[in-house]
Each structure stands twice: as C-alpha cells, then as structure tokens.
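S.K.: Shown below is the structure under consideration.
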Amino acid sequence: MLNILPWHQILLSSFVRGASRISHRVLSSSDKMPPKRKAKKDDGKTPAPEEGSVGDTAQEDKPSPSKKQKVDEEEKGKKGKGGKGKKAPPRKEDTIETLPEGTDTSFPTEVNPEAKTTDGRKFTLKIASWNLNGIRAWYDKDKMSYIKESSPDILCVQETKCQEDQLPPGVLDKDYHIYWSPAEKAGYAGTGLYSKKKPIKVTYGLGIPKHDDEGRVITAEYEDFYMVNAYVPNSGKGLVRLKYRTEQWDCDFTDYLKKLDAKKPVIMCGDLNVSHTPVDLKNPTSNRNKTPGYTDKEREGFSKLLEEGFLDSFRVLYPNARDCWSFWTYMMNARAKNIGWRLDYFVISKRLQKDLCDSIIQQKVMGSDHCPIMLLMAGLK
C-alpha cells in the first residue's frame with residue numbers, strides 16, 4: 001500500500017532540496033575560500049636607539065650614511081669576524097672609557113694670562129690657528145677683530161679660498177709679516193701665516209709636486225723651532241680621496257715633519273681633518289668608516305705621526321676633556337646643539353713638552369664653521 005504524504009509535507013521537502021542545490025552551486029563557483037590573514041607577532045621589543053646619537057633621531061654633524069650603508073653595516077654586525085650570528089669584539093681604540101664619578105672633563109676656552117709650564121715658567125709665546133672657511137667671507141663677519149683682541153704672536157689660517165691678488169685689503173696688518181699659499185684652483189683650500197717676528201726662512205709645500213698645488217703647507221723657521229701650518233686634505237664625499245690621503249699624503253707629511261724635527265723642534269698646527277679618538281666627535285659609532293675624518297685609516301695615520309716623536313698638545317693637558325669640538329657643520333643647527341668634531345690641533349715635538357703652558361679651544365669665537373685654537377709656550381724664540 002502506498003504511503004501518500006499530505007500536500008504541505010511534499011512542498012516543504014521540495015523546498016529544502018532546492019535550497020541545498022543552490023548552496024552547493026554558490027560554494028563551488030570559486031576554487032577556494034579566501035585564506036585567513038595571520039596577525040603579526042608582537043615580540044614586545046622596541047627598536048634600540050642608534051648608538052652614539054644620544055638624544056638625536058638623526059646624525060647631524062656630518063652627512064648621514066645611505067640606507068644601503070646602514071643595512072650593510074647591520075648585516076656585517078650580525079655576522080662579525082667570528083662567523084654567522086657572532087658579533088666582532090669591539091676594538092679598544094673604538095671604546096669610550098667610562099670615567100670615575102667626579103672626573104674633571106672641562107677644558108679652557110679662553111686664555112689664562114697666568115698660564116705656566118709644570119716647572120712654573122709663564123708663557124712667552126702665543127700661537128693661534130683657525131680654519132676660516134673662506135677669508136673673504138670671514139673678513140666680512142670678523143673685520144680682523146680676533147687678531148686685534150687676541151694679538152697672537154703667530155696666526156696660522158687655513159682654507160683661505162682666495163688668490164693673493166683677490167684678498168680684501170683689510171686682511172693685511174702692518175704689525176705682522178704675512179705669507180700666503182693659495183691653491184692653483186680658484187676658491188679652494190689655501191693657507192696663510194701672520195707673524196709679528198720675521199721668520200728666518202719661509203717655505204711652501206712639502207717639496208713634492210703631487211701635493212703642492214693646493215696650498216696646504218707653510219713652514220716658517222724661527223731661532224728655536226719650526227712652525228708648520230697645515231690644511232690636511234679631506235678624504236672627500238664618498239671617501240673618494242681616502243687612498244690618496246692615507247697612502248700618500250699622510251706618509252709624506254709625516255716624513256716631512258720628521259726631517260724638520262731632526263734639525264729643530266716642530267710646532268705643527270691646523271685643520272688636520274681627523275678626529276683621533278671616539279671622544280673627539282659627538283657621534284663616533286655612526287660616523288666610523290663612513291664619514292671623512294673618522295675612518296680607521298685616517299686615525300691610524302695620525303697615531304703613526306704621534307709615534308714618531310710628536311704629541312697632541314691638547315690631550316697631553318686634558319686627556320679626559322669631553323665635548324671639546326673645534327668644528328660644527330652649518331647644517332641642522334649643529335653648533336647650537338654642540339654636535340661637533342675636534343679636527344684642529346697643535347702637534348708638538350716631544351722635547352717641547354717642558355715648554356707647554358696651555359692648549360685652548362676657543363669655542364665662543366664665531367666667524368667660521370671652525371673656531372680658533374691657541375697654544376701657549378714658554379721660553380721659545
């Protein structure tokens with residue numbers, strides 16, 4: 001006997017089967033369902049600030065390395081010398097010493113009229129050095145006020161950027177014998193020397209043609225010493241002159257000074273375009289081997305010079321000094337923030353240490369992107 005369903009049950013059953021077929025067609029109209037997005041894991045860590053840039057979000061004292069350089073440096077840091085995943089141990093010369101609490105880190109920015117040697121002799125000779133970054137622009141701002149107020153016995157200037165026949169008449173001073181060594185290229189490099197006492201002899205350059213067309217060295221001979229004014233070549237943007245600077249200039253310049261020192265003690269000063277140690281610039285880590293003036297090769301070259309019987313007069317007197325800059329870039333308000341470099345030096349023969357009274361960085365004096373530095377000596381003629 002046939003089971004005949006009531007008409008309303010037949011209609012309901014047909015509706016359910018139809019809905020099931022429609023649902024099946026909708027789901028099979030695409031190959032796959034869109035995958036679910038995975039949430040990024042949060043490891044709870046925040047990026048560490050760039051070492052050597054305390055309080056800053058960007059390097060401001062010299063041009064910053066490119067993003068590629070930063071990535072390359074990070075990868076090198078990860079791998080290190082010890083192999084994949086191992087960091088190379090820090091070099092001693094790249095480590096900033098932690099000083100005991102209470103250590104005096106100050107240094108003089110003004111002349112002490114009572115400055116004396118360790119054996120009590122008062123200074124008799126005042127020598128100043130200043131990178132002017134263009135003597136014409138400097139004169140427009142300074143009007144020779146520094147020379148009039150400081151009255152140094154000898155003033156050595158660098159980066160004059162001016163041919164002798166283009167010098168402003170006002171830079172001449174009747175109280176000084178003045179000597180110029182301009183670069184052959186107009187508006188580039190160049191040095192000058194002012195001396196109250198007429199030197200025995202004045203020479204220009206190192207006596208090596210490949211070095212002597214940029215007006216970088218003036219040597220004045222006095223009775224008791226040689227005065228050498230130097231504007232050392234910058235290694236250039238992208239370190240394009242690093243090889244010339246470190247493999248040719250530094251070697252020949254050191255030999256030149258050694259030959260002079262064999263005859264008489266030497267006082268050498270100027271913009272040496274190197275920060276010798278990590279405490280000689282604000283941001284050593286981010287600049288190392290990327291920025292001219294703070295490559296290992298340039299620093300090693302300066303170390304080799306000192307090893308030949310010379311002293312960094314400032315560090316002899318102030319080994320713990322901090323923030324002792326002599327240069328601040330014009331960019332990004334660096335001088336107001338005191339983000340700078342120590343690039344200017346008085347280097348003396350070791351046997352002159354007994355005559356050393358003071359070595360000063362005159363940070364308050366304006367007029368250039370460098371400030372002047374001054375050396376006080378006793379008993380020299």
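Every chain in the structure tokens takes a letter, A first, then B, and so on in the order presented; its residues are numbered from 1, and the ligands are numbered from 1 following the presented order.
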Give me the segment 269-312 of chain A side of the contact with segment 130-136 of chain A, cut-off 12 Å, one line per residue showing its nearest atom pair and distance in Å at one decimal, counting only C-alpha atoms, sorted by chain and residue number, as JSON lines.

M.R.:
```
{"residue": "A:Cys269", "atom": "CA", "partner": "A:Trp130", "partner_atom": "CA", "distance": 9.2}
{"residue": "A:Gly270", "atom": "CA", "partner": "A:Trp130", "partner_atom": "CA", "distance": 6.9}
{"residue": "A:Asp271", "atom": "CA", "partner": "A:Asn131", "partner_atom": "CA", "distance": 6.4}
{"residue": "A:Leu272", "atom": "CA", "partner": "A:Asn131", "partner_atom": "CA", "distance": 10.1}
{"residue": "A:Asn273", "atom": "CA", "partner": "A:Asn131", "partner_atom": "CA", "distance": 10.8}
```

S.K.: Run DSSP on the backbone of this structure and report the residues of segment 215-335 of chain A it assigns to strand (DSSP E or B), as a PyMOL selection string.

M.R.: chain A and resi 217-221+226-231+266-271+281+310-312+327

S.K.: How many Å lie between atom CA of Ala186 of chain A and atom CA of Glu214 of chain A, rounded to one decimal?

M.R.: 9.7 Å

S.K.: I want to know what sits within 7 Å of Ile96 of chain A, based on only C-alpha atoms, with residues of the same chain fewer than 2 positions away left out; could you give that as a PyMOL selection string?

M.R.: chain A and resi 94+98+278-279

S.K.: Using only C-alpha atoms, which of A:Ala183, A:Leu380, A:Cys371, A:Val171 sits nearest Ile267 of chain A?

M.R.: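 Ranking A:Ala183, A:Leu380, A:Cys371, A:Val171 by distance to Ile267 of chain A, first place goes to A:Leu380.
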
S.K.: Can you work out the spacing between atom CA of Phe302 of chain A and atom CA of Arg216 of chain A in Å, to one decimal?

M.R.: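 These two atoms are separated by 17.0 Å.
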
S.K.: I'd like to know which of A:Tyr231, A:Trp328, A:Tyr226, A:Tyr244 is closest to Ile348 of chain A, using only C-alpha atoms.

M.R.: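 With only C-alpha atoms as the atom set, the closest residue is A:Tyr226.
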
S.K.: Can you list, as JSON, numbers by chain, all residues belonging to segment 304-353 of chain A that DSSP tags as helix (DSSP H, G or I)?

M.R.: {"A": [304, 305, 306, 307, 313, 314, 315, 316, 317, 331, 332, 333, 334, 335, 336, 337, 350, 351, 352, 353]}

S.K.: Just want the 9 Å neighbourhood of segment 103-110 of chain A, counted on only C-alpha atoms, with same-chain residues fewer than 5 positions away dropped. Output as an MDAnalysis selection string.

M.R.: chainID A and resid 314 317:324 358:364 373:374

S.K.: Using only C-alpha atoms, which residue out of A:Tyr194, A:Tyr188, A:Tyr139, A:Tyr204 lies closest to Gly170 of chain A?

M.R.: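 Once distances to Gly170 of chain A are computed over only C-alpha atoms, the minimum belongs to A:Tyr139.
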